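Enquirer: Have a look at the structure that comes next, please.
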Amino acid sequence: MFNYIIRRLLIALPVLLGVTFLNFVLINLAPGDPVDMYVNPDVTEEDKQIRREALGLNDPFMIRYFKWLANLLQGDLGHSFSSFQPVTAMIAERIGPTLLLVGASILFGYLIAIPIGIYCAVKSGSKFDYLMSTGSLLGVSIPNFFLGLGLIYIFGVLLGILPTGGMNSMGGSGGFWDTLTHLILPTITLGTSISGGMIRYVRSSVIEVLGQEYLRTARAKGMKEFIVINKHALKNALIPLITIAGLDIPILIGGAVITETIFQWNGMGQLTIQAIFSRDFPLLMGVNMLAALSVLAANLWSDVMYAVVDPRIKYS
Amino acid sequence: QGEGAGTAVGAASGGNASQANQLTIGITNPPLMFNPIDSDGSGSSGAVFTYRYFFDSLIKTTGPLQFELQLAESFETEDNQTFKIALHPDANWTDGTPITAEDVEFTINLIANPKTITTQRSAIFSLDGLNEKGMLPEGKDKLESIKVIDDKHLELRTKTPVDPNLVYERFSDVLIVPKHILSEVNPAELNQNPFWRSPNVTSGPYTFVKYENKSYVELAANPDYYRGAPKIKKVFIKIMPAANMVAQLESGELDMNAAQGVGNIPATEWSTVKSIESLKTLEEQTRRYNSIEINTERFPDKKVRQALAYAIDRQMIVDQLMPGTGELQDGPYSNSHPYHDENILKYSYDPELAKQMLAEAGFDMNAPIELIVPTGDRTREMAGNIIQQNFQAIGLKVNQVNFDFPTTVSKLVSGDFDLALSSFGSIIDPDGPATVYRSTAALNDMRYNNPEVDALFDAGMAETDPVKRGEIYDKLQNLIQEDVPLITVYSEFNLMAIGEDINGKGGVVDGMHYDVNTWERR
Amino acid sequence: MAQVPSYEVDSYWRMIRQRFMQHKLAVAGLIIMGLLILVGIFAPLIAPYDPNAIIGAFSAPPSGAHWLGTDQVGRDVLSRLIYATRVSLAVGVITVILYVLIGTVVGAIAGYVGGWVDMLINRIIDVFMSFPSMMVILVLVTVLGTGLSNIIIVLALLGWPAVARLVRGSVLSLRQTEFVRAGIALGFSSPRLIFGHILPNAMGPILVNATFGAAAAILSESSLSFLGMGVQPPAASWGNMLNAAQSITALTTQPWLWIPPGLVIILSVLSINFIGDGIRDAMDSRRTGV
Amino acid sequence: MSTLQMNKKEIITAATPLLQLESVHKYYSIKKGLFSKTIGHIKAVDGVDLTVFPGETVGLVGESGCGKSTLGRSIVKLEEVSTGKVLFEGKDLAPLPLGQMRGIRRDLQMIFQDPYSSLNPRKRVVDLMTEPLKVLRGMTDGEALQQASWLMEIVGLPLSSLGKYPHEFSGGQRQRIGIARAVALKPKLIVCDEPVSALDVSIQAQILNLLKDLQQEFNLTYLFIGHGLGSVKYMSDRIAVMYLGKIVEFASAKALFQHPKHPYTKALLDAYPVPNPHLRNKERILLQGDVPSPAAPPTGCRFHTRCPLANHKCKEEEPVLTNNGSEQNHHYACHYPLISNPIVRTREEGALYV
Amino acid sequence: MNDLLTVRELKTNFRTETGEVTSVDDVSFSLQEGETLCIVGESGCGKSVTSLSILRLLGRSGYISHGSIRFQDKELAELPEHELIKLRGKDIAMIFQDPMSSLNPVFTIGNQLIEVIRMHLDLNAKQAKEHAITLLKQVGFSRAEQILGQYPHTLSGGMKQRVMIAMALACKPKLLIADEPTTALDVTIQAQILQLIKDIRSEYGTSIMLITHDLGVVAEMADRIIVMYAGQVVEEGEVFELFDHPAHPYTNGLMESIPHIEMDDVKLRSIQGSVPSLQEMPSGCRFMKRCTRAGERCHSLPPLTEIKAGHKVRCWYPIMPDNLSKIEG
Ligand SMILES: Nc1ncnc2c1ncn2[C@@H]1O[C@H](COP(=O)(O)OP(=O)(O)OP(=O)(O)O)[C@@H](O)[C@H]1O
Ligand SMILES: Nc1ncnc2c1ncn2[C@@H]1O[C@H](COP(=O)(O)OP(=O)(O)OP(=O)(O)O)[C@@H](O)[C@H]1O
Ligand SMILES: [Mg+2]
Ligand SMILES: [Mg+2]
């Protein structure tokens, strides 16, 4: 197992290298010069040159990439072009909120999806199943921003019972409840699409398992239906779910861009947009690098979890 | 209903009692760092708005050609060349050290240092001893034109005599930074200094408390402020998209918007905002206008450019897109600019004339023309749509392309465009438009080159008498307007909404900070 | 020699069709999509006005002349909605066709050829799949610029790895099936086996993936447009029409600006998803026994 | 019936072999570790010599996993053999590149075990039948169609079947289609990999009879793989018994069943339940345990771990396949072959289970 | 000896997409204490459904539409679910065809074995574990403790089937239903398992209902045989009688169509055609279309009639001893 993980990590390295290089090419291909952005009429061409030199933009393309790589090896992602803060610090500041939002959304989505999915599967073909299957498709079909704006309008503006954005109230000491109230709407927004897909996934996964012979064995042994479903069927059905859950995280980190924007949730998504609009190359490299890492980590996690929860799979 | 709707916020911060003594302001552009030496990068203009609360300048512009003394107790000149400055005797940094002439000298020298990355260089350009790039010459680390007399007194000397208003206006952008904190810093790495992320030694009416999660900046009243401790104990500057601003103004989560380009309320929302009873509203003219830049290398014929100007139904744009929130703009000086010529030539909507002029000029009507519209400003995007339709209506093959801001800028800078919608602002001094219309100007994307115009700008600068300057600039603006290197279209008002219960007045770019220590809440 | 009887037409597809027809919502989805496609094709005939022309009062509520009112620039909302159908459907359909083609070919090659080719393709797929999509979409759109064709290219660029992986998996498992072995034993060439025998059997999942992909592409385009990075005005797309909803004024007092495009997005995405669902059910091998 | 038998025997001794396997090995590598290092091999086929003469049927039996299918697939080149020669009409197929196999494939066909997965579900029977004819024999559509119709008749399917898809048929009918397709090319040798084990009892006989009929009609040679001893015996002239990748006994069907020499063969025969209740309590060898893993086959005689007769010699020395000098074509690989009277060990004498 | 189980006129239906199907139609038989009853028949003839009907394990779409199933003094067809659950695995145990998929892959052998023990027997965890070990030893595992902690996939097919048997024996059931317990196994392993079942019968006196399609296994194991065809019992009789004098043409055909090693070069007689599908079941004799002896009367369904003591056949023209072509002994 340990060897397996090491091996996977070694394989991940060239992939990561490829990702960073592709990223670097892409980012540098983008039209727009970070220095030209200083459209302040008072900034002279000389000033721009000084800035360009300071940012290292005068080096040839490949040199810049290798410099970036060399710094990376020392754990340094460089300084942002716009805030001059270390990129690592900027990311560190944003990763928490994103993980909180994504985590809460996954939790919310799964908490809704798993029981409903199981119930749909057990009662497949029933009215409830039909309703939920249809409803879950609706969940994945509503654009996030549409749902988000709708929620803001209803709960923030019309009813005025929940904050319309931000992560904490100002001036307050913050605290759990405060964060929670701010978390509710974005979580529902993001969680709805997650649960939509998840319900269908759980449902088909459970239906698949329900057709397995070992359940008949369990029934023939005199197990109560409750145990048959919740012990024998569920564990098998949940194995793919655990792996899927891992894979959801990176998708959500990217997918949360819109939700973060709507609710001014200052996470990675917001940071990315900001970096794009200001052509903040180091920041963009850092963000994408982290995102790629999270994908690779998620893949590894899901494979390892597979081995942990499914005794049939053993990696050597 | 605003009070009631704010329950979530109110409850969390301990009820309405404390709210009474705080002020929440909405801005759209998040500050990146609070460095007054290097401020105006993209997206960081939110910083300018914010650090004005805790960094003071010597003098402050509070309206067109109106100045108030801030850190300076006096700022005078007799010969329009030597400026004598006395600092406020009670002005101290928040750590208790007095603000001295050395701090002022240090700040100016920092800006003048060729290693410093700064956006402020032109604020001090008139001082003597700078080279042609506006920097300290090689081998020098101090400007000799600054003379520190004692702790609270100093003198500045300009290269040539200038209109003192120009110096006052420029110096109102020079915020004084603490020498005793920053003296050891390498100018080349100034930006990376952590001080700019939580400046704890400041001079203004408020002190910086924290920048929470990049979602709001918390400020607290500076009890020892030399011009009197602020009455409102806390200020929150909250970052949000423009669309949310209206909702939060309505729900009472916001007391006011910053306006001034960093916290604008979209024109389409203005009627909604005006209908909110808990708010008082204010529209004020700005010195910024939106215009169509014309690449004069691709449209060398003045007549064609004029025809384009006649083709646009600017009145409709103003009436429909910004009813009551904007105005028609003619000429390089904005309507509110003190040097604006009322009688300047106006290109009124006349499509027939436009067609005729194009025909006379022998313009190839089938040539494809690209109109670049930068994204990000909804009103401007819509104006772009209308303009494109106007051009099409007279038979021009105009194709609208939208780019994000950085792409637009790089296209403009490299001259890779036909027509482009963009906005320009200007300082109050009539030399402001020189940054756009001078043949060598940084922002002259149009490649406009009229030696006569350049000469007039030179003459205007050399002249110190405001009346005579006025004459020069009248001539200048009429010349430019006839050449139409860019078609001025409209100018939007600064739209302000402030809670009815607040005594105090926003508005006039940065002016609101001057007396913010006297604001109070009922 | 006996007369060879005339054959029944493709009974497999007939069976799939029958099963699909039993899925009422899928059929409804199909009808709605059919109508939308017709609307897209015949937009110039149906639309009452030029979608980009400023013809009425600005932000006027629905009236006899303008059934869905006019937008903030005085254009007919209904006409824009009709023309936007073209854009959004093009994004959905062309994107998917593009990336399914790329993904299928690449995946089939990887799966069938195997060895270092497979290994290389797999790593490339890994690299592509290691970008969280929304972020790369944003970066790519910035690089290539906004606009319909670029959006399609970007979405296609990100879509193919998933299809390639899917096809590769199918090919790998189908390669082990006895009918492919039988084909090899019969001496069929590799291209014949890949394209004539393996790929048709992998069609089911590809088709399902493509359908859901089309729905996702339409959603992505609308999200991008919402961020102002999608199809650019004056061209109308459902997403950029919805941009209006970013204004509280429009949200509260001008519902005609955002409800129609919003509903059409949800309706079309839902319809496509239903169709995908129907196809998946109809092709479910447990039910067809094929 | 017996004349036919005679004729066959004569042919067999006279003719040159159609297929000759010489020391065929097929190893699958087991990969492991950081860089997918090969740490071992599954010795699926581990040194097999076998001759098949034109016109005869050679049966191949053995427990599941002993390498029968692998061997069969190696012959038709669905697998590359690791080492050894596969001589078909005297030509070694093993080193041939796949491209050059095309022409040979016509003469060398295979019928698969699972009639459900061996037909492409997306193709109609007519396409399944005519495609090889068109591709490999260059027939026109019309010719191929005629041929296909004729073959349908031969394998006893109605003509209307041509327009249908495989899933519309029962297992037996599908197997007929598979057979028709293999026969269509008029091959010389057909490898039948358990062609009836997926079929219903009542259908098996139909298929076996069909195979027999076709053999006579087209003068086919079969390598018949199966683990139902009954059907193998019914079909085969000679039978090879495989155990863990090796052939342990190879003899005429009659000899093998009447006088098995290898204890494994005997055990297989004993384990086979005879559908005759009167024989139910006969005494027999009952094997213990499972087949060892082909990744780590036992030393010496591979069967020694389960053999009731094994001693230290069996453990150390590997017996070779030989007929021990007798002129009979009865080959076996055992140090202690069973003499005419079979030894008997009842279950009371030995541990039966793991 | 007493009847342990009596099935009368059992009819089991399934609701399917294409409509309702009857897969077991009017099946009656009984099973005595200590007896081994074999049910033979081709795939799909209703063997499994018959056995599953006894414990009502038909899934959501299947149900018993008619008939009675008496087990001791209980009517299983009508017993409430919670009562039936107590019976399952305790008085009546089942083992299934495919040991690979009959064990839950994500639980250890011990978990699955102890689960059933604790469900039905009043034992604490420790006692249950000991009992489990005893059981595993009984079915031939020498290292039983170790097996308890293993997962199913680490065992071979034969070992899994033995685990299944151990599980079935946990509560010393009165009836063991084995649904093709050896079909998925090799002959050598099959011989081991069959021997094990024989041992169990002699040791516990358990009645056994053995389902198979292999006449060899039947000959080896059965006391009595039921031959099923297309959902119906077509012949029933004591093992020797049935093998020596099969009366139904189908039974006879089956016996003649199976090649076996004791047989010399005789040509196989195959049964033509194939089983009718459930959807298009003929109203008369269901074997008629494939039968060489079919006549006029076959258009109506023949009843199951006793032609000799204990030998019943469902045929209008049964093969009588004088004209039957006997298989070689
Ligand atoms: N592609 C492969 N990779 C690795 N091992 C394989 C492969 N194919 C077969 N084997 C192994 O080779 C051995 C022989 O397999 P083979 O299929 O030839 O057995 P068989 O005698 O045909 O068995 P059965 O009666 O079950 O069909 C088995 O242990 C099997 O697991
Ligand atoms: N859940 C079900 N739904 C519909 N039909 C079913 C279901 N289960 C069984 N059947 C049908 O009932 C008939 C009898 O099936 P059963 O499983 O009893 O056959 P069997 O004799 O056990 O065959 P095999 O030897 O293949 O196990 C079959 O035609 C089958 O298709
Ligand atoms: Mg095999
Ligand atoms: Mg069965």
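Labels used: A, B, ... for chains in the order of the structure tokens, numbers from 1 for residues in each chain, and numbers from 1 for ligands as shown.
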Residues of chain A within 9 Å of chain D, using only C-alpha atoms, as a VMD selection string?

Expert: chain A and resid 3 to 4 6 to 8 10 316

Enquirer: For those residues, write N, CA and C atoms to a file as a short mmCIF file (atom, residue, chain, number, x, y, z; two decimals), in the first residue's frame.

Expert:
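part_32.cif was written with the following content:
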data_model
loop_
_atom_site.label_atom_id
_atom_site.label_comp_id
_atom_site.auth_asym_id
_atom_site.auth_seq_id
_atom_site.Cartn_x
_atom_site.Cartn_y
_atom_site.Cartn_z
N ASN A 3 3.95 1.42 -0.81
CA ASN A 3 4.64 1.45 -2.09
C ASN A 3 3.75 2.00 -3.18
N TYR A 4 2.53 1.57 -3.12
CA TYR A 4 1.58 2.00 -4.14
C TYR A 4 1.45 3.52 -4.12
N ILE A 6 3.54 5.70 -2.98
CA ILE A 6 4.79 6.30 -3.46
C ILE A 6 4.82 6.26 -4.99
N ARG A 7 4.42 5.13 -5.51
CA ARG A 7 4.46 4.96 -6.97
C ARG A 7 3.52 5.96 -7.64
N ARG A 8 2.35 6.08 -7.07
CA ARG A 8 1.40 7.02 -7.64
C ARG A 8 1.94 8.44 -7.60
N LEU A 10 5.04 9.31 -7.66
CA LEU A 10 6.09 9.46 -8.66
C LEU A 10 5.48 9.66 -10.05
N SER A 316 -0.35 -3.33 -4.31
CA SER A 316 0.94 -3.74 -3.77
C SER A 316 1.99 -2.79 -4.29
#

Enquirer: Would you list the residues that come within 7 Å of ligand 1? Count only C-alpha atoms and all ligand atoms and give the answer as a ChimeraX atom specification.

Expert: /D:28,42-44,62-71,227,293-294

Enquirer: Select residues of chain D: the criterion is any atom within 7 Å of an atom of chain E, counting only C-alpha atoms; output as a compact mmCIF listing (two decimals) with all heavy atoms, in the first residue's frame.

Expert:
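And here is the file that came out, iface_9.txt:
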# COMPACT_ATOMS: atom_id res chain seq x y z
N GLU D 63 -9.01 -29.30 -15.31
CA GLU D 63 -9.79 -28.44 -14.43
C GLU D 63 -9.70 -27.00 -14.88
O GLU D 63 -8.82 -26.62 -15.65
CB GLU D 63 -9.27 -28.56 -12.99
CG GLU D 63 -9.77 -29.81 -12.29
CD GLU D 63 -9.07 -30.00 -10.96
OE1 GLU D 63 -7.97 -30.53 -10.95
OE2 GLU D 63 -9.65 -29.62 -9.95
N SER D 64 -10.60 -26.23 -14.36
CA SER D 64 -10.63 -24.81 -14.68
C SER D 64 -9.29 -24.16 -14.35
O SER D 64 -8.70 -24.43 -13.31
CB SER D 64 -11.74 -24.16 -13.87
OG SER D 64 -11.88 -22.85 -14.25
N ASP D 200 -27.78 -25.37 -22.47
CA ASP D 200 -28.68 -26.23 -21.74
C ASP D 200 -28.42 -27.70 -22.05
O ASP D 200 -28.04 -28.03 -23.17
CB ASP D 200 -30.10 -25.90 -22.19
CG ASP D 200 -30.88 -25.35 -21.05
OD1 ASP D 200 -30.58 -25.75 -19.92
OD2 ASP D 200 -31.77 -24.52 -21.29
N VAL D 201 -28.69 -28.53 -21.07
CA VAL D 201 -28.44 -29.96 -21.28
C VAL D 201 -29.10 -30.49 -22.55
O VAL D 201 -28.49 -31.22 -23.31
CB VAL D 201 -28.94 -30.80 -20.08
CG1 VAL D 201 -27.80 -31.02 -19.14
CG2 VAL D 201 -30.11 -30.17 -19.40
N SER D 202 -30.35 -30.11 -22.76
CA SER D 202 -31.05 -30.71 -23.90
C SER D 202 -30.53 -30.18 -25.22
O SER D 202 -30.76 -30.75 -26.27
CB SER D 202 -32.55 -30.45 -23.79
OG SER D 202 -32.82 -29.10 -24.03
N ALA D 205 -26.56 -31.78 -26.90
CA ALA D 205 -26.49 -32.90 -27.85
C ALA D 205 -26.68 -32.40 -29.27
O ALA D 205 -26.02 -32.87 -30.20
CB ALA D 205 -27.53 -33.94 -27.49
N GLN D 206 -27.58 -31.45 -29.45
CA GLN D 206 -27.81 -30.91 -30.79
C GLN D 206 -26.51 -30.35 -31.35
O GLN D 206 -26.15 -30.61 -32.50
CB GLN D 206 -28.84 -29.77 -30.76
CG GLN D 206 -30.22 -30.16 -30.31
CD GLN D 206 -31.13 -28.93 -30.20
OE1 GLN D 206 -30.78 -27.84 -30.62
NE2 GLN D 206 -32.31 -29.14 -29.64
N LEU D 229 -16.38 -34.32 -19.18
CA LEU D 229 -15.69 -35.49 -19.73
C LEU D 229 -16.55 -36.22 -20.75
O LEU D 229 -16.07 -36.75 -21.73
CB LEU D 229 -15.31 -36.46 -18.61
CG LEU D 229 -14.14 -36.03 -17.75
CD1 LEU D 229 -13.89 -37.06 -16.67
CD2 LEU D 229 -12.92 -35.85 -18.62
N GLY D 230 -17.85 -36.23 -20.51
CA GLY D 230 -18.75 -36.94 -21.38
C GLY D 230 -18.69 -36.42 -22.80
O GLY D 230 -18.48 -37.17 -23.76
N SER D 231 -18.81 -35.13 -22.94
CA SER D 231 -18.83 -34.58 -24.29
C SER D 231 -17.46 -34.72 -24.95
O SER D 231 -17.38 -34.95 -26.15
CB SER D 231 -19.28 -33.12 -24.27
OG SER D 231 -18.50 -32.38 -23.39
N LYS D 233 -15.34 -37.05 -24.49
CA LYS D 233 -15.20 -38.44 -24.92
C LYS D 233 -16.03 -38.69 -26.18
O LYS D 233 -15.60 -39.35 -27.12
CB LYS D 233 -15.64 -39.39 -23.81
CG LYS D 233 -15.39 -40.82 -24.23
CD LYS D 233 -15.87 -41.83 -23.24
CE LYS D 233 -15.58 -43.23 -23.78
NZ LYS D 233 -16.60 -44.18 -23.40
N TYR D 234 -17.22 -38.15 -26.16
CA TYR D 234 -18.12 -38.36 -27.28
C TYR D 234 -17.52 -37.82 -28.58
O TYR D 234 -17.65 -38.40 -29.64
CB TYR D 234 -19.45 -37.67 -26.98
CG TYR D 234 -20.46 -37.77 -28.10
CD1 TYR D 234 -20.99 -39.02 -28.46
CD2 TYR D 234 -20.89 -36.65 -28.79
CE1 TYR D 234 -21.92 -39.13 -29.49
CE2 TYR D 234 -21.81 -36.74 -29.81
CZ TYR D 234 -22.33 -37.97 -30.15
OH TYR D 234 -23.24 -38.08 -31.16
N LEU D 268 -10.00 -37.63 -12.15
CA LEU D 268 -11.01 -36.88 -12.92
C LEU D 268 -12.17 -37.79 -13.28
O LEU D 268 -13.34 -37.43 -13.13
CB LEU D 268 -10.39 -36.35 -14.22
CG LEU D 268 -9.82 -34.96 -14.27
CD1 LEU D 268 -9.47 -34.61 -15.71
CD2 LEU D 268 -10.82 -33.94 -13.73
N ALA D 271 -14.25 -38.53 -10.29
CA ALA D 271 -15.05 -37.43 -9.77
C ALA D 271 -16.27 -37.17 -10.63
O ALA D 271 -17.26 -36.60 -10.18
CB ALA D 271 -14.20 -36.16 -9.72
N TYR D 272 -16.20 -37.63 -11.85
CA TYR D 272 -17.29 -37.37 -12.78
C TYR D 272 -18.52 -38.17 -12.39
O TYR D 272 -18.48 -39.40 -12.33
CB TYR D 272 -16.83 -37.74 -14.18
CG TYR D 272 -17.86 -37.45 -15.23
CD1 TYR D 272 -18.08 -36.16 -15.67
CD2 TYR D 272 -18.62 -38.49 -15.77
CE1 TYR D 272 -19.03 -35.90 -16.63
CE2 TYR D 272 -19.58 -38.23 -16.73
CZ TYR D 272 -19.78 -36.94 -17.16
OH TYR D 272 -20.73 -36.68 -18.10
N PRO D 273 -19.59 -37.52 -12.07
CA PRO D 273 -20.76 -38.26 -11.62
C PRO D 273 -21.47 -38.91 -12.80
O PRO D 273 -21.85 -38.24 -13.75
CB PRO D 273 -21.64 -37.20 -10.97
CG PRO D 273 -21.19 -35.91 -11.54
CD PRO D 273 -19.83 -36.08 -12.10
N VAL D 274 -21.63 -40.20 -12.72
CA VAL D 274 -22.23 -40.93 -13.83
C VAL D 274 -23.74 -40.95 -13.66
O VAL D 274 -24.23 -41.23 -12.57
CB VAL D 274 -21.70 -42.37 -13.86
CG1 VAL D 274 -22.28 -43.14 -15.02
CG2 VAL D 274 -20.19 -42.35 -13.94
N PRO D 275 -24.46 -40.64 -14.71
CA PRO D 275 -25.92 -40.61 -14.54
C PRO D 275 -26.50 -42.02 -14.48
O PRO D 275 -27.28 -42.44 -15.32
CB PRO D 275 -26.39 -39.86 -15.79
CG PRO D 275 -25.30 -39.99 -16.76
CD PRO D 275 -24.04 -40.19 -16.03
N ASN D 276 -26.05 -42.74 -13.48
CA ASN D 276 -26.58 -44.08 -13.29
C ASN D 276 -26.54 -44.38 -11.80
O ASN D 276 -25.47 -44.63 -11.23
CB ASN D 276 -25.72 -45.08 -14.07
CG ASN D 276 -26.27 -46.47 -13.94
OD1 ASN D 276 -27.11 -46.75 -13.07
ND2 ASN D 276 -25.82 -47.36 -14.80
N PRO D 277 -27.69 -44.36 -11.19
CA PRO D 277 -27.72 -44.49 -9.74
C PRO D 277 -27.17 -45.83 -9.25
O PRO D 277 -26.75 -45.95 -8.10
CB PRO D 277 -29.20 -44.34 -9.39
CG PRO D 277 -29.94 -44.57 -10.66
CD PRO D 277 -29.03 -44.22 -11.77
N ARG D 280 -23.63 -45.57 -7.95
CA ARG D 280 -23.36 -44.40 -7.11
C ARG D 280 -22.35 -44.63 -6.00
O ARG D 280 -21.66 -43.71 -5.61
CB ARG D 280 -24.64 -43.81 -6.54
CG ARG D 280 -25.43 -44.75 -5.68
CD ARG D 280 -26.40 -44.00 -4.79
NE ARG D 280 -27.36 -43.18 -5.51
CZ ARG D 280 -28.46 -42.72 -4.93
NH1 ARG D 280 -28.73 -43.00 -3.66
NH2 ARG D 280 -29.30 -41.98 -5.60
N LEU D 287 -9.98 -36.37 -4.81
CA LEU D 287 -8.86 -35.44 -4.67
C LEU D 287 -9.07 -34.48 -3.52
O LEU D 287 -10.18 -34.08 -3.23
CB LEU D 287 -8.68 -34.62 -5.96
CG LEU D 287 -8.12 -35.37 -7.15
CD1 LEU D 287 -7.93 -34.41 -8.29
CD2 LEU D 287 -6.81 -36.02 -6.78
N TYR D 353 -9.93 -33.01 2.91
CA TYR D 353 -10.10 -31.56 2.75
C TYR D 353 -8.86 -30.83 3.22
O TYR D 353 -8.04 -31.38 3.93
CB TYR D 353 -11.32 -31.11 3.55
CG TYR D 353 -12.54 -31.97 3.31
CD1 TYR D 353 -13.17 -32.61 4.35
CD2 TYR D 353 -13.01 -32.13 2.02
CE1 TYR D 353 -14.28 -33.40 4.13
CE2 TYR D 353 -14.12 -32.92 1.79
CZ TYR D 353 -14.76 -33.56 2.85
OH TYR D 353 -15.83 -34.33 2.61
N VAL D 354 -8.82 -29.60 2.84
CA VAL D 354 -7.70 -28.76 3.29
C VAL D 354 -7.70 -28.64 4.80
O VAL D 354 -8.75 -28.65 5.42
CB VAL D 354 -7.77 -27.35 2.68
CG1 VAL D 354 -7.34 -27.39 1.25
CG2 VAL D 354 -9.13 -26.76 2.87

Enquirer: Choose the residue, out of D:Met152, D:Val52, D:Ile247, D:Ala198, that has the smallest atom-to-atom separation from chain C; count only C-alpha atoms.

Expert: D:Met152

Enquirer: Counting only C-alpha atoms, which residue out of B:Ala462, B:Leu443, B:Met382, B:Leu419 sits closest to Asn243 (chain C)?

Expert: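 Answer, going by the shortest atom-to-atom distance: B:Met382.
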
Enquirer: Using only C-alpha atoms and all ligand atoms, find each residue with an atom at most 10 Å away from ligand 2 and format the answer as an MDAnalysis selection string.

Expert: (chainID A and resid 211) or (chainID D and resid 200:201) or (chainID E and resid 12:24 39:53 58:63 96:97 179:180 183 211:214 228:231 275:279)

Enquirer: If DSSP is run on the backbone, what residues of region 89-318 of chain D are strand (DSSP E or B)? A reply as number ranges by chain would be ideal.

Expert: D: 91-92, 108-111, 189-193, 221-225, 238-243, 246-252

Enquirer: Pull out every residue of chain A sitting within 7 Å of chain E, counting only C-alpha atoms, and send them as a PyMOL selection string.

Expert: chain A and resi 213-214+217+220-224+236+310-312

Enquirer: Using only C-alpha atoms and a cut-off of 6 Å, which residues of chain D sit close to chain C? Please list them as a list in words.

Expert: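 Close to chain C, chain D has Arg102, Arg105, Ser117, Ser118, Leu119, Asn120 and Gly163 of chain D.
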
Enquirer: Any idea what's packed within 8 Å of region 267-282 of chain A, counting only C-alpha atoms, ignoring anything in its chain fewer than 5 positions away? Could you give it as a VMD selection string?

Expert: (chain A and resid 27 to 28 32 to 34 37 77 to 82 87 91 94 to 98 253 to 258 260 to 261 287) or (chain B and resid 42 to 43 404 to 406) or (chain C and resid 135 138 to 139 142)

Enquirer: Find, counting only C-alpha atoms, the residue in C:Ser170, C:Gln18, C:Ser63, C:Asn52 that gets nearest to chain B.

Expert: C:Asn52

Enquirer: Pick out the chain C residues within 10 Å of chain A. Count only C-alpha atoms. Give them as a VMD selection string.

Expert: chain C and resid 25 123 to 145 215 to 216 218 to 220 222 to 224 226 to 227 239 242 to 243 245 to 248 251 to 252 258 to 259 262 to 263 265 to 274 277

Enquirer: Can you check which residues of chain B have any atom within 7 Å of chain C? Use only C-alpha atoms and format it as a PyMOL selection string.

Expert: chain B and resi 243+246-247+269+272+320+382+385+389+402

Enquirer: Mind pulling up the distance from CA of Ile239 (chain A) to CA of Lys129 (chain E)?

Expert: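 Distance reported for this atom pair: 27.5 Å.
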